[in-house]
Amino acid sequence: MLTGIIAGLLAQGWSAEQAAAYGVYLHGLSGERAAYKRHHPGGIIAGDIIDAL
């Protein structure tokens with residue numbers, strides 16, 4: 001999941017450092033949003049993170 005986010009940012013022309021930093025941020029934020037929607041932080045799957053992006 002994280003690799004795909006970073007790869008997408010790199011494909012858009014972001015520098016490796018920027019893509020890594022922003023990709024980690026987006027991944028974490030999406031995980032938090034997915035957990036909030038499910039009301040259970042331990043019960044999310046990768047598809048939930050995709051939906052939260």
# chains A, B, ... in the order shown; residues from 1 in each chain; ligands from 1

call {"tool": "residues_around", "arguments": {"residues": "Asp48 in chain A", "least_positions_apart": "3", "cutoff": "10 Å", "atoms": "only C-alpha atoms", "output": "list in words"}}
result
Ser30, Gly31, Arg33, Ala34, Ala35, Lys37, Arg38, Gly43, Ile44, Ile45, Asp51, Ala52 and Leu53 of chain A

call {"tool": "write_last_selection", "arguments": {"atoms": "N, CA and C atoms", "output": "compact mmCIF listing (two decimals), in the first residue's frame"}}
result
# COMPACT_ATOMS: atom_id res chain seq x y z
N SER A 30 -4.78 8.08 6.14
CA SER A 30 -5.83 7.21 5.61
C SER A 30 -6.14 6.07 6.56
N GLY A 31 -5.12 5.54 7.22
CA GLY A 31 -5.35 4.50 8.22
C GLY A 31 -6.17 5.00 9.39
N ARG A 33 -8.30 7.53 9.29
CA ARG A 33 -9.67 7.77 8.80
C ARG A 33 -10.43 6.47 8.67
N ALA A 34 -9.77 5.43 8.17
CA ALA A 34 -10.43 4.13 8.01
C ALA A 34 -10.81 3.56 9.37
N ALA A 35 -9.92 3.69 10.34
CA ALA A 35 -10.20 3.18 11.69
C ALA A 35 -11.36 3.95 12.31
N LYS A 37 -13.85 5.37 10.73
CA LYS A 37 -15.09 4.95 10.07
C LYS A 37 -15.59 3.62 10.61
N ARG A 38 -14.66 2.73 10.94
CA ARG A 38 -15.04 1.41 11.43
C ARG A 38 -15.25 1.38 12.93
N GLY A 43 -9.27 -3.23 13.43
CA GLY A 43 -10.02 -4.03 12.49
C GLY A 43 -10.10 -3.48 11.09
N ILE A 44 -9.01 -2.88 10.59
CA ILE A 44 -9.05 -2.38 9.22
C ILE A 44 -8.19 -3.26 8.33
N ILE A 45 -8.51 -3.24 7.04
CA ILE A 45 -7.74 -3.98 6.05
C ILE A 45 -7.28 -3.00 4.97
N ASP A 51 -10.08 3.04 0.36
CA ASP A 51 -11.33 3.80 0.38
C ASP A 51 -11.15 5.15 1.09
N ALA A 52 -10.27 5.19 2.07
CA ALA A 52 -10.06 6.42 2.83
C ALA A 52 -9.16 7.42 2.12
N LEU A 53 -8.44 6.96 1.10
CA LEU A 53 -7.58 7.89 0.36
C LEU A 53 -8.46 8.84 -0.42

call {"tool": "closest_residue", "arguments": {"among": "A:Gly23, A:Tyr36, A:Gln18, A:Leu29", "to": "Ile6 in chain A", "atoms": "only C-alpha atoms"}}
result
A:Gly23

call {"tool": "select_by_dssp", "arguments": {"residues": "chain A", "states": "alpha helix (DSSP H)", "output": "JSON, numbers by chain"}}
result
{"A": [2, 3, 4, 5, 6, 7, 8, 9, 10, 11, 16, 17, 18, 19, 20, 21, 22, 23, 24, 25, 26, 27, 28, 29, 30, 31, 32, 33, 34, 35, 36, 37, 38, 46, 47, 48, 49, 50, 51, 52]}

call {"tool": "write_last_selection", "arguments": {"atoms": "C-alpha atoms", "output": "short mmCIF file (atom, residue, chain, number, x, y, z; two decimals), in the first residue's frame"}}
result
data_model
loop_
_atom_site.label_atom_id
_atom_site.label_comp_id
_atom_site.auth_asym_id
_atom_site.auth_seq_id
_atom_site.Cartn_x
_atom_site.Cartn_y
_atom_site.Cartn_z
CA LEU A 2 2.63 2.53 1.04
CA THR A 3 4.87 1.59 -1.87
CA GLY A 4 2.05 2.21 -4.32
CA ILE A 5 1.33 5.63 -2.87
CA ILE A 6 5.00 6.61 -3.08
CA ALA A 7 5.34 5.19 -6.59
CA GLY A 8 2.32 7.19 -7.71
CA LEU A 9 3.84 10.38 -6.35
CA LEU A 10 7.18 9.61 -8.01
CA ALA A 11 5.38 9.04 -11.32
CA ALA A 16 12.11 10.76 -3.82
CA GLU A 17 12.37 12.59 -0.50
CA GLN A 18 9.11 14.48 -0.97
CA ALA A 19 7.27 11.39 -2.22
CA ALA A 20 8.44 9.32 0.75
CA ALA A 21 7.52 11.96 3.31
CA TYR A 22 4.12 12.78 1.85
CA GLY A 23 3.39 9.11 1.08
CA VAL A 24 3.96 8.12 4.70
CA TYR A 25 1.76 11.01 5.82
CA LEU A 26 -1.08 10.04 3.45
CA HIS A 27 -0.81 6.38 4.43
CA GLY A 28 -1.02 7.16 8.14
CA LEU A 29 -3.85 9.65 7.73
CA SER A 30 -5.83 7.21 5.61
CA GLY A 31 -5.35 4.50 8.22
CA GLU A 32 -6.66 6.81 10.92
CA ARG A 33 -9.67 7.77 8.80
CA ALA A 34 -10.43 4.13 8.01
CA ALA A 35 -10.20 3.18 11.69
CA TYR A 36 -12.50 6.07 12.62
CA LYS A 37 -15.09 4.95 10.07
CA ARG A 38 -15.04 1.41 11.43
CA ALA A 46 -5.86 -2.60 3.04
CA GLY A 47 -9.10 -2.00 1.16
CA ASP A 48 -10.28 0.27 3.95
CA ILE A 49 -7.19 2.42 3.52
CA ILE A 50 -7.77 2.64 -0.23
CA ASP A 51 -11.33 3.80 0.38
CA ALA A 52 -10.06 6.42 2.83
#
